[in-house]
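**Q** Following this line is work-v4.cif, made up of mmCIF, C-alpha atoms and all ligand atoms:
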data_target
#
loop_
_atom_site.label_atom_id
_atom_site.label_comp_id
_atom_site.auth_asym_id
_atom_site.auth_seq_id
_atom_site.Cartn_x
_atom_site.Cartn_y
_atom_site.Cartn_z
CA MET I 216 -48.13 -41.56 -30.57
CA ASN I 217 -49.48 -40.18 -27.29
CA LYS I 218 -50.68 -36.59 -27.10
CA PHE I 219 -51.47 -34.17 -24.35
CA ASN I 220 -54.95 -34.76 -22.97
CA PRO I 221 -56.41 -32.08 -20.67
CA ASN I 222 -58.64 -34.69 -19.03
CA ILE I 223 -55.92 -37.18 -18.12
CA ILE I 224 -52.70 -36.54 -16.22
CA GLN I 225 -50.07 -38.60 -17.99
CA VAL I 226 -46.93 -39.40 -16.00
CA GLY I 227 -43.84 -41.16 -17.32
CA ILE I 228 -42.40 -43.94 -15.19
CA SER I 229 -39.45 -46.34 -15.25
CA SER I 230 -41.07 -49.63 -16.30
CA CYS I 231 -39.49 -51.66 -13.48
CA LEU I 232 -41.39 -49.55 -10.91
CA LEU I 233 -44.66 -50.85 -12.33
CA GLY I 234 -43.53 -54.41 -11.62
CA GLU I 235 -42.40 -55.15 -15.18
CA LYS I 236 -39.55 -57.67 -15.18
CA VAL I 237 -37.15 -55.58 -17.22
CA ARG I 238 -34.17 -55.19 -14.89
CA PHE I 239 -30.73 -56.49 -15.80
CA ASP I 240 -31.24 -59.45 -13.43
CA GLY I 241 -34.68 -60.31 -14.80
CA GLY I 242 -36.43 -58.76 -11.81
CA HIS I 243 -38.46 -55.62 -11.15
CA LYS I 244 -38.56 -52.85 -8.53
CA SER I 245 -42.32 -52.55 -8.12
CA SER I 246 -43.41 -49.49 -6.18
CA ALA I 247 -46.56 -50.10 -4.13
CA PHE I 248 -47.24 -46.37 -3.91
CA CYS I 249 -47.09 -45.93 -7.70
CA ILE I 250 -49.11 -49.05 -8.46
CA HIS I 251 -51.79 -48.77 -5.78
CA GLU I 252 -52.08 -45.03 -5.05
CA MET I 253 -50.87 -43.02 -8.02
CA THR I 254 -52.77 -45.07 -10.62
CA LYS I 255 -56.03 -43.79 -9.07
CA HIS I 256 -55.11 -40.28 -10.20
CA VAL I 257 -52.79 -40.49 -13.21
CA GLU I 258 -52.17 -42.58 -16.29
CA PHE I 259 -48.66 -43.99 -16.46
CA VAL I 260 -46.52 -44.12 -19.59
CA SER I 261 -43.99 -46.88 -18.97
CA ILE I 262 -40.51 -46.61 -20.48
CA CYS I 263 -37.44 -48.81 -20.01
CA PRO I 264 -34.55 -47.23 -21.92
CA GLU I 265 -32.31 -50.30 -21.67
CA MET I 266 -35.00 -52.62 -23.08
CA ALA I 267 -35.79 -49.99 -25.72
CA ILE I 268 -32.25 -50.18 -27.10
CA GLY I 269 -32.54 -53.95 -27.39
CA MET I 270 -30.45 -55.04 -24.41
CA GLY I 271 -32.99 -57.68 -23.37
CA THR I 272 -33.27 -59.27 -19.94
CA PRO I 273 -31.37 -60.70 -18.18
CA ARG I 274 -28.42 -58.64 -19.44
CA PRO I 275 -25.02 -57.54 -18.16
CA ALA I 276 -25.21 -54.64 -15.69
CA ILE I 277 -23.99 -51.29 -17.06
CA ARG I 278 -22.50 -48.29 -15.27
CA LEU I 279 -21.51 -44.68 -15.87
CA VAL I 280 -17.83 -44.11 -16.54
CA LYS I 281 -16.33 -40.62 -16.66
CA GLN I 282 -13.63 -40.25 -19.28
CA ASP I 283 -12.31 -36.69 -19.67
CA GLN I 284 -15.43 -34.63 -20.49
CA ASP I 285 -17.51 -37.62 -21.61
CA ILE I 286 -19.80 -39.93 -19.68
CA LEU I 287 -19.66 -43.44 -21.09
CA VAL I 288 -22.13 -46.23 -20.36
CA GLN I 289 -20.40 -49.58 -20.25
CA THR I 290 -20.30 -52.97 -18.61
CA ARG I 291 -17.75 -53.41 -15.85
CA ASP I 292 -15.20 -55.03 -18.16
CA GLY I 293 -15.80 -52.38 -20.83
CA ARG I 294 -16.58 -54.98 -23.50
CA LEU I 295 -20.08 -53.67 -24.09
CA ASP I 296 -20.46 -49.92 -24.62
CA VAL I 297 -24.00 -48.57 -25.11
CA THR I 298 -23.12 -44.87 -24.80
CA GLN I 299 -24.22 -43.96 -28.29
CA ASP I 300 -27.33 -46.17 -28.42
CA LEU I 301 -28.58 -44.96 -25.07
CA ASN I 302 -27.92 -41.29 -25.85
CA THR I 303 -29.56 -41.50 -29.27
CA PHE I 304 -32.64 -43.24 -27.90
CA SER I 305 -32.89 -40.91 -24.89
CA HIS I 306 -32.55 -37.75 -26.97
CA THR I 307 -35.22 -38.82 -29.47
CA LYS I 308 -37.61 -40.28 -26.90
CA ALA I 309 -37.39 -37.30 -24.55
CA ARG I 310 -38.34 -34.98 -27.42
CA GLU I 311 -41.64 -36.91 -27.86
CA LEU I 312 -42.61 -36.59 -24.21
CA ASP I 313 -43.91 -33.01 -24.08
CA TYR I 314 -47.41 -34.33 -23.30
CA LEU I 315 -46.29 -35.70 -19.92
CA SER I 316 -47.07 -33.75 -16.74
CA GLY I 317 -44.50 -35.49 -14.55
CA TYR I 318 -42.08 -38.39 -14.33
CA ILE I 319 -41.16 -40.96 -11.66
CA VAL I 320 -37.75 -42.53 -12.21
CA CYS I 321 -35.98 -45.46 -10.60
CA GLN I 322 -33.20 -44.32 -8.30
CA LYS I 323 -29.52 -45.23 -8.68
CA SER I 324 -29.90 -46.53 -12.25
CA PRO I 325 -27.26 -45.45 -14.84
CA SER I 326 -30.17 -44.97 -17.26
CA CYS I 327 -32.99 -43.67 -15.06
CA GLY I 328 -31.52 -42.27 -11.80
CA MET I 329 -32.13 -38.57 -11.17
CA GLU I 330 -29.21 -37.81 -8.88
CA ARG I 331 -26.40 -39.41 -6.89
CA VAL I 332 -25.91 -42.22 -9.44
CA LEU I 333 -22.53 -43.92 -9.07
CA GLU I 334 -20.05 -42.51 -11.55
CA TYR I 335 -16.80 -44.40 -12.07
CA SER I 336 -13.58 -42.92 -13.40
CA ALA I 337 -11.94 -44.46 -16.46
CA LYS I 338 -8.69 -44.09 -14.47
CA GLY I 339 -10.01 -46.39 -11.70
CA GLY I 340 -10.53 -45.68 -8.02
CA SER I 341 -13.72 -45.40 -6.02
CA PRO I 342 -16.87 -44.15 -7.74
CA THR I 343 -18.50 -40.87 -6.75
CA LYS I 344 -22.23 -40.40 -6.21
CA SER I 345 -22.37 -37.56 -8.70
CA GLY I 346 -24.07 -38.94 -11.80
CA THR I 347 -27.49 -38.72 -13.43
CA GLY I 348 -28.91 -41.54 -15.51
CA VAL I 349 -28.53 -40.94 -19.25
CA PHE I 350 -32.24 -41.02 -20.11
CA THR I 351 -33.24 -38.80 -17.19
CA ARG I 352 -30.49 -36.31 -18.05
CA HIS I 353 -31.89 -35.91 -21.57
CA LEU I 354 -35.43 -35.73 -20.19
CA MET I 355 -34.58 -32.95 -17.72
CA GLN I 356 -32.52 -31.03 -20.28
CA GLN I 357 -35.32 -31.03 -22.85
CA HIS I 358 -38.14 -30.41 -20.33
CA PRO I 359 -36.51 -28.32 -17.61
CA HIS I 360 -39.80 -27.50 -15.85
CA LEU I 361 -41.23 -31.03 -15.88
CA PRO I 362 -41.65 -32.34 -12.30
CA VAL I 363 -39.33 -35.35 -12.01
CA GLU I 364 -38.93 -37.41 -8.86
CA GLU I 365 -37.26 -40.66 -7.82
CA ASP I 366 -39.34 -43.52 -6.42
CA GLY I 367 -37.29 -43.65 -3.20
CA ARG I 368 -37.78 -39.96 -2.47
CA THR I 369 -41.59 -40.29 -2.65
CA HIS I 370 -41.42 -42.11 0.72
CA ASP I 371 -40.61 -38.73 2.26
CA LEU I 372 -44.02 -37.08 2.78
CA ILE I 373 -42.70 -33.53 2.27
CA LEU I 374 -40.97 -34.46 -1.03
CA ARG I 375 -44.05 -36.41 -2.12
CA GLU I 376 -46.30 -33.45 -1.34
CA ASN I 377 -44.03 -31.14 -3.29
CA PHE I 378 -43.95 -33.46 -6.30
CA PHE I 379 -47.75 -33.67 -6.43
CA THR I 380 -48.15 -29.92 -6.01
CA ARG I 381 -45.85 -29.40 -9.01
CA LEU I 382 -47.42 -32.23 -11.00
CA PHE I 383 -50.98 -30.88 -10.75
CA ALA I 384 -49.83 -27.27 -11.27
CA TYR I 385 -47.78 -28.21 -14.33
CA HIS I 386 -50.77 -30.06 -15.80
CA SER I 387 -52.95 -26.97 -15.25
CA TRP I 388 -50.31 -24.91 -17.04
CA GLN I 389 -50.27 -27.38 -19.94
CA CYS I 390 -54.08 -27.06 -20.14
CA LEU I 391 -53.70 -23.28 -20.31
CA ARG I 392 -51.10 -23.52 -23.09
CA HIS I 393 -53.07 -26.19 -24.96
CA GLU I 394 -55.11 -23.39 -26.54
CA PRO I 395 -53.70 -20.06 -27.77
CA VAL I 396 -53.27 -18.13 -24.54
CA THR I 397 -54.56 -14.59 -24.00
CA LYS I 398 -53.45 -11.98 -21.47
CA LYS I 399 -56.79 -12.41 -19.71
CA ALA I 400 -56.31 -16.19 -19.44
CA LEU I 401 -52.78 -15.82 -18.05
CA ILE I 402 -53.94 -13.27 -15.47
CA ALA I 403 -56.83 -15.56 -14.48
CA PHE I 404 -54.36 -18.47 -14.10
CA HIS I 405 -52.08 -16.37 -11.90
CA SER I 406 -55.04 -15.17 -9.87
CA ARG I 407 -56.06 -18.79 -9.03
CA TYR I 408 -52.50 -19.73 -8.06
CA LYS I 409 -51.62 -16.59 -6.07
CA TYR I 410 -51.86 -18.02 -2.59
CA LEU I 411 -50.27 -21.34 -3.48
CA ILE I 412 -47.28 -19.44 -4.89
CA MET I 413 -47.19 -17.16 -1.84
CA SER I 414 -47.07 -20.20 0.47
CA HIS I 415 -44.01 -21.51 -1.40
CA SER I 416 -42.08 -18.33 -2.08
CA PRO I 417 -43.17 -14.80 -1.10
CA VAL I 418 -40.23 -13.43 -3.14
CA LEU I 419 -41.19 -15.16 -6.39
CA TYR I 420 -44.85 -14.36 -5.68
CA LYS I 421 -43.91 -10.68 -5.99
CA LYS I 422 -41.89 -11.24 -9.17
CA LEU I 423 -44.72 -13.19 -10.80
CA GLY I 424 -47.14 -10.42 -9.87
CA GLN I 425 -44.86 -7.86 -11.56
CA LEU I 426 -44.59 -10.07 -14.64
CA THR I 427 -48.35 -10.38 -15.10
CA ALA I 428 -48.88 -6.66 -14.47
CA LEU I 429 -46.86 -5.74 -17.58
CA ILE I 430 -47.63 -8.12 -20.41
CA GLU I 431 -46.44 -6.97 -23.81
CA ASP I 432 -45.42 -10.12 -25.64
CA ILE I 433 -47.70 -12.88 -24.37
CA ASP I 434 -45.50 -15.79 -25.50
CA ALA I 435 -42.35 -14.32 -23.94
CA THR I 436 -44.27 -13.57 -20.73
CA CYS I 437 -45.63 -17.14 -20.63
CA ASP I 438 -42.11 -18.57 -20.97
CA ALA I 439 -40.79 -16.34 -18.20
CA TYR I 440 -43.87 -17.04 -16.06
CA LEU I 441 -43.52 -20.83 -16.30
CA ALA I 442 -39.85 -20.73 -15.31
CA LEU I 443 -40.55 -18.61 -12.19
CA PHE I 444 -43.79 -20.44 -11.38
CA MET I 445 -42.14 -23.87 -11.30
CA GLU I 446 -39.11 -22.47 -9.47
CA ALA I 447 -41.45 -21.08 -6.81
CA LEU I 448 -43.37 -24.35 -6.37
CA ALA I 449 -40.12 -26.32 -6.12
CA GLN I 450 -39.37 -24.38 -2.92
CA LYS I 451 -40.72 -26.01 0.21
CA PRO I 452 -43.29 -24.01 2.17
CA THR I 453 -42.60 -23.42 5.86
CA LYS I 454 -44.86 -22.83 8.83
CA LYS I 455 -44.01 -19.15 8.46
CA THR I 456 -44.99 -18.92 4.76
CA HIS I 457 -48.17 -20.94 5.32
CA THR I 458 -49.09 -18.70 8.28
CA ASN I 459 -48.52 -15.59 6.19
CA THR I 460 -50.74 -17.02 3.42
CA LEU I 461 -53.50 -18.03 5.86
CA GLN I 462 -53.45 -14.55 7.39
CA HIS I 463 -53.91 -12.98 3.96
CA ILE I 464 -56.91 -15.25 3.39
CA LEU I 465 -58.28 -14.34 6.83
CA GLY I 466 -58.35 -10.72 5.66
CA TYR I 467 -61.07 -11.57 3.12
CA PHE I 468 -63.41 -12.76 5.88
CA LYS I 469 -63.18 -9.58 7.95
CA LYS I 470 -66.55 -8.23 6.78
CA HIS I 471 -68.32 -11.55 7.07
CA LEU I 472 -67.28 -13.14 10.36
CA THR I 473 -68.32 -12.18 13.86
CA LYS I 474 -65.62 -11.00 16.26
CA ALA I 475 -65.63 -14.43 17.95
CA GLN I 476 -65.31 -16.26 14.62
CA LYS I 477 -62.42 -14.00 13.53
CA GLU I 478 -60.66 -14.64 16.82
CA GLU I 479 -61.20 -18.38 16.49
CA LEU I 480 -59.74 -18.44 12.97
CA SER I 481 -56.85 -16.20 13.94
CA GLU I 482 -56.06 -18.34 17.01
CA THR I 483 -56.22 -21.53 14.93
CA ILE I 484 -53.72 -20.04 12.48
CA MET I 485 -51.39 -19.15 15.37
CA LYS I 486 -51.76 -22.66 16.82
CA TYR I 487 -50.67 -23.99 13.45
CA ARG I 488 -47.69 -21.59 13.50
CA GLN I 489 -46.71 -22.91 16.94
CA GLY I 490 -46.94 -26.53 15.76
CA LEU I 491 -49.93 -27.33 17.98
CA VAL I 492 -52.27 -28.31 15.12
CA PRO I 493 -51.60 -29.42 11.52
CA LEU I 494 -52.24 -27.20 8.50
CA LEU I 495 -55.45 -29.12 7.84
CA VAL I 496 -57.10 -27.52 10.89
CA PRO I 497 -57.06 -23.84 9.76
CA LEU I 498 -57.74 -24.96 6.17
CA THR I 499 -60.82 -26.91 7.26
CA LEU I 500 -62.09 -23.94 9.24
CA ILE I 501 -61.58 -21.65 6.21
CA LYS I 502 -63.46 -24.09 3.97
CA HIS I 503 -66.24 -24.27 6.54
CA TYR I 504 -66.57 -20.46 6.59
CA LEU I 505 -66.53 -20.39 2.79
CA LEU I 506 -69.66 -22.56 2.78
CA GLU I 507 -71.35 -20.02 5.02
CA PHE I 508 -69.90 -16.92 3.31
CA PRO I 509 -68.94 -17.73 -0.29
CA ILE I 510 -66.05 -15.53 -1.51
CA PRO I 511 -65.44 -16.55 -5.16
CA TYR I 512 -61.84 -15.23 -5.25
CA ILE I 513 -60.88 -17.40 -2.26
CA GLU I 514 -62.99 -20.39 -3.33
CA ASN I 515 -61.04 -20.41 -6.62
CA GLN I 516 -57.65 -20.49 -4.92
CA VAL I 517 -55.75 -23.67 -5.80
CA TYR I 518 -54.06 -23.30 -2.39
CA LEU I 519 -57.16 -24.77 -0.76
CA ASN I 520 -57.14 -27.90 -2.98
CA PRO I 521 -53.82 -28.29 -4.84
CA TYR I 522 -54.32 -32.04 -5.47
CA PRO I 523 -56.95 -34.72 -4.71
CA GLU I 524 -57.72 -34.97 -1.00
CA GLN I 525 -57.45 -38.78 -1.19
CA LEU I 526 -53.65 -38.45 -1.53
CA LYS I 527 -53.64 -37.29 2.12
CA LEU I 528 -50.70 -35.01 1.48
CA ARG I 529 -51.78 -32.06 3.62
CA TYR I 530 -50.69 -34.12 6.64
CA ALA I 531 -47.12 -33.30 5.57
CA TYR I 532 -47.46 -29.80 7.09
S1 LIG E 601 -34.12 -48.52 -13.98
FE1 LIG E 601 -34.71 -47.86 -16.04
S2 LIG E 601 -33.38 -48.99 -17.41
FE2 LIG E 601 -33.26 -50.01 -15.45
S3 LIG E 601 -34.82 -51.61 -15.55
FE3 LIG E 601 -35.80 -49.85 -14.65
S4 LIG E 601 -36.71 -48.80 -16.38
FE4 LIG E 601 -35.22 -50.20 -17.23
#
What is this structure when it is put down as structure tokens?
**A**
Amino acid sequence: MNKFNPNIIQVGISSCLLGEKVRFDGGHKSSAFCIHEMTKHVEFVSICPEMAIGMGTPRPAIRLVKQDQDILVQTRDGRLDVTQDLNTFSHTKARELDYLSGYIVCQKSPSCGMERVLEYSAKGGSPTKSGTGVFTRHLMQQHPHLPVEEDGRTHDLILRENFFTRLFAYHSWQCLRHEPVTKKALIAFHSRYKYLIMSHSPVLYKKLGQLTALIEDIDATCDAYLALFMEALAQKPTKKTHTNTLQHILGYFKKHLTKAQKEELSETIMKYRQGLVPLLVPLTLIKHYLLEFPIPYIENQVYLNPYPEQLKLRYAY
């Protein structure tokens, strides 16, 4: 059985996305991005719920059918019903997966889809795009803070950037919780993430600051912290929130930079705000000044390097 490993980021994935021929029609849905890019940074744990319950391949296609308050999983003619098998497997399997730091699921699937899966009515009529695949529903219920994303949505650079920000942050959190956590360790964690949180949500940044300022029960605080932390990172940063964050960082250089250097950095931040240069430009200038004037508090900020540079995700902003 797999376990959490602080040195490896383990990510669950629908097997068909890795090119495994496990689909109902005997095919796969290989994702070039997952296979060629993500594998350089994470270790995949491949799961096909329909194969796991013994459906084999090729097999009849199944679909979600809403009947009163229940969601059934059946073939079109209703002769094969795998509702119970799929729910039992998904519930048990999802419980084992607490070592994962993220999950990429195959879109539209009645087992793996994250959202907008076709849901039919037992009474007939057109389906609605309102379902979630059975396995992914159990996964998200049991691990509500786990970053989960669909393969199709990773083509959108902003959504991809957000997924990787959450993935790497969640793994850092798991590393923190891997050992008994102390107040000091939680405060140090928050300190490193301050500006990343601020860039996503100034409101939750304040709430998280209040939470870490008054720690009585460390376990209860950690639970509350994780919920707000992941909620904050799920919010998309804007030019305004990035500008605000960059200006806070600029404040730390005041004593070190010459007037001309301060003006240059300030102008670069404003050019970013106006959409004239990408976020990478002020960030590169800040990193350059940090080499000249090391400021440990800023150097430690995850905001400057939230994920490996090779993913080229900073181009999203
Ligand atoms: S979408 Fe899920 S159930 Fe369907 S083939 Fe892929 S891994 Fe298997």
**Q** Report the closest atom pair, with its distance in Å rounded to one decimal, for each residue of segment 373-462 of chain I that has an atom no farther than 6 Å from segment 502-518 of chain I; count all atoms listed in the file, sort by chain and then rising residue number, and write it as a Markdown table.
**A**
| residue | atom | partner | partner_atom | distance |
| --- | --- | --- | --- | --- |
| I:Arg407 | CA | I:Gln516 | CA | 4.7 |
| I:Tyr408 | CA | I:Val517 | CA | 5.6 |
| I:Tyr410 | CA | I:Tyr518 | CA | 5.7 |
| I:Leu411 | CA | I:Tyr518 | CA | 4.4 |
**Q** Could you give me, as a list of chain:residue names, the residues within 8 Å of segment 331-340 of chain I, counting only C-alpha atoms and dropping anything in the same chain fewer than 6 positions from it?
**A** I:Arg278, I:Leu279, I:Val280, I:Lys281, I:Gln282, I:Gln322, I:Lys323, I:Ser324, I:Pro325, I:Gly346, I:Thr347, I:Gly348
**Q** Between I:Ala442, I:Leu494, I:Leu472, I:Val349, which has the minimum distance to His457 of chain I (counting only C-alpha atoms)?
**A** I:Leu494
**Q** Using all atoms listed in the file, what are the residues with an atom within 8 Å of ligand LIG 601 (chain E), set out as a PyMOL selection string?
**A** chain I and resi 228-232+236-239+243-244+261-266+320-328
**Q** Which of these residues is nearest to Arg310 of chain I, using all atoms listed in the file: I:Pro452, I:Pro417, I:Pro359, I:Gly424?
**A**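 Selected residue with least distance to Arg310 of chain I: I:Pro359.
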**Q** Step by step, gather every atom of segment 495-500 of chain I that the file lists, find the box along x, y and z that holds them, add 3 Å on each side, and finally give centre and edge lengths in Å to one decimal, as lines of an AutoDock Vina configuration file.
**A**
center_x = -58.8
center_y = -26.5
center_z = 8.5
size_x = 12.6
size_y = 11.3
size_z = 10.7
**Q** How many Å separate atom CA of Ser341 of chain I from atom CA of Val363 of chain I?
**A**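 We find that atom CA of Ser341 of chain I and atom CA of Val363 of chain I lie 28.2 Å from each other.
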**Q** Given only C-alpha atoms as the basis, pick out the residue of I:Thr436, I:Asn520, I:Asn220, I:Thr290 nearest to Ala276 of chain I.
**A**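 When distances to Ala276 of chain I are compared using only C-alpha atoms, the smallest one comes from I:Thr290.
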**Q** With distances taken over only C-alpha atoms, which of I:Asn302, I:Ser481, I:Asn377, I:Gln450 is nearest to Tyr522 of chain I?
**A**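 Comparing I:Asn302, I:Ser481, I:Asn377, I:Gln450 against Tyr522 of chain I, the winner is I:Asn377.
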**Q** Please identify all polymer residues within 9 Å of Ser414 of chain I, counting all atoms listed in the file, omitting same-chain residues fewer than 4 positions from it, and present them as a PyMOL selection string.
**A** chain I and resi 409-410+420+448+451-453+455-461+518
**Q** Take the residues from that selection and write them out as an mmCIF file, in the coordinates of the input, keeping C-alpha atoms.
**A**
data_model
loop_
_atom_site.group_PDB
_atom_site.id
_atom_site.type_symbol
_atom_site.label_atom_id
_atom_site.label_comp_id
_atom_site.auth_asym_id
_atom_site.auth_seq_id
_atom_site.Cartn_x
_atom_site.Cartn_y
_atom_site.Cartn_z
ATOM 1 C CA LYS I 409 -51.620 -16.590 -6.070
ATOM 2 C CA TYR I 410 -51.860 -18.020 -2.590
ATOM 3 C CA TYR I 420 -44.850 -14.360 -5.680
ATOM 4 C CA LEU I 448 -43.370 -24.350 -6.370
ATOM 5 C CA LYS I 451 -40.720 -26.010 0.210
ATOM 6 C CA PRO I 452 -43.290 -24.010 2.170
ATOM 7 C CA THR I 453 -42.600 -23.420 5.860
ATOM 8 C CA LYS I 455 -44.010 -19.150 8.460
ATOM 9 C CA THR I 456 -44.990 -18.920 4.760
ATOM 10 C CA HIS I 457 -48.170 -20.940 5.320
ATOM 11 C CA THR I 458 -49.090 -18.700 8.280
ATOM 12 C CA ASN I 459 -48.520 -15.590 6.190
ATOM 13 C CA THR I 460 -50.740 -17.020 3.420
ATOM 14 C CA LEU I 461 -53.500 -18.030 5.860
ATOM 15 C CA TYR I 518 -54.060 -23.300 -2.390
#
**Q** What would the file be for segment 221-275 of chain I if you keep C-alpha atoms and write it as a JSON list (two decimals), in the first residue's frame?
**A**
[["chain", "number", "residue", "atom", "x", "y", "z"],
["I", 221, "PRO", "CA", 7.69, 13.96, 1.58],
["I", 222, "ASN", "CA", 10.23, 13.59, -1.24],
["I", 223, "ILE", "CA", 7.80, 12.58, -3.98],
["I", 224, "ILE", "CA", 4.61, 14.33, -5.05],
["I", 225, "GLN", "CA", 2.12, 11.56, -5.72],
["I", 226, "VAL", "CA", -0.85, 12.45, -7.92],
["I", 227, "GLY", "CA", -3.80, 10.19, -8.70],
["I", 228, "ILE", "CA", -4.88, 9.96, -12.33],
["I", 229, "SER", "CA", -7.58, 8.26, -14.39],
["I", 230, "SER", "CA", -5.69, 5.38, -16.04],
["I", 231, "CYS", "CA", -6.95, 6.16, -19.55],
["I", 232, "LEU", "CA", -5.17, 9.55, -19.43],
["I", 233, "LEU", "CA", -1.85, 7.74, -19.17],
["I", 234, "GLY", "CA", -2.60, 5.93, -22.43],
["I", 235, "GLU", "CA", -3.78, 2.71, -20.80],
["I", 236, "LYS", "CA", -6.37, 0.98, -22.98],
["I", 237, "VAL", "CA", -9.04, 0.70, -20.32],
["I", 238, "ARG", "CA", -11.95, 2.61, -21.83],
["I", 239, "PHE", "CA", -15.29, 0.96, -22.56],
["I", 240, "ASP", "CA", -14.40, 0.86, -26.28],
["I", 241, "GLY", "CA", -10.95, -0.62, -25.70],
["I", 242, "GLY", "CA", -9.24, 2.72, -26.30],
["I", 243, "HIS", "CA", -7.51, 5.34, -24.15],
["I", 244, "LYS", "CA", -7.57, 9.13, -23.75],
["I", 245, "SER", "CA", -3.85, 9.76, -23.42],
["I", 246, "SER", "CA", -3.00, 13.26, -22.26],
["I", 247, "ALA", "CA", 0.28, 14.53, -23.73],
["I", 248, "PHE", "CA", 0.60, 17.14, -20.99],
["I", 249, "CYS", "CA", 0.27, 14.53, -18.21],
["I", 250, "ILE", "CA", 2.55, 12.00, -19.88],
["I", 251, "HIS", "CA", 5.29, 14.32, -21.14],
["I", 252, "GLU", "CA", 5.24, 17.30, -18.76],
["I", 253, "MET", "CA", 3.72, 16.31, -15.43],
["I", 254, "THR", "CA", 5.72, 13.07, -15.11],
["I", 255, "LYS", "CA", 8.89, 15.19, -14.83],
["I", 256, "HIS", "CA", 7.60, 16.57, -11.53],
["I", 257, "VAL", "CA", 5.19, 14.07, -9.97],
["I", 258, "GLU", "CA", 4.67, 10.35, -9.62],
["I", 259, "PHE", "CA", 1.30, 9.18, -10.92],
["I", 260, "VAL", "CA", -0.93, 6.64, -9.20],
["I", 261, "SER", "CA", -3.16, 5.24, -11.93],
["I", 262, "ILE", "CA", -6.70, 4.14, -11.10],
["I", 263, "CYS", "CA", -9.52, 2.97, -13.37],
["I", 264, "PRO", "CA", -12.62, 2.44, -11.23],
["I", 265, "GLU", "CA", -14.54, 0.56, -13.93],
["I", 266, "MET", "CA", -11.69, -1.92, -14.50],
["I", 267, "ALA", "CA", -11.26, -2.20, -10.73],
["I", 268, "ILE", "CA", -14.82, -3.50, -10.32],
["I", 269, "GLY", "CA", -14.17, -6.14, -12.95],
["I", 270, "MET", "CA", -16.03, -4.65, -15.91],
["I", 271, "GLY", "CA", -13.20, -5.49, -18.33],
["I", 272, "THR", "CA", -12.64, -3.90, -21.73],
["I", 273, "PRO", "CA", -14.33, -3.55, -24.13],
["I", 274, "ARG", "CA", -17.51, -3.27, -22.05],
["I", 275, "PRO", "CA", -20.95, -1.71, -22.39]]
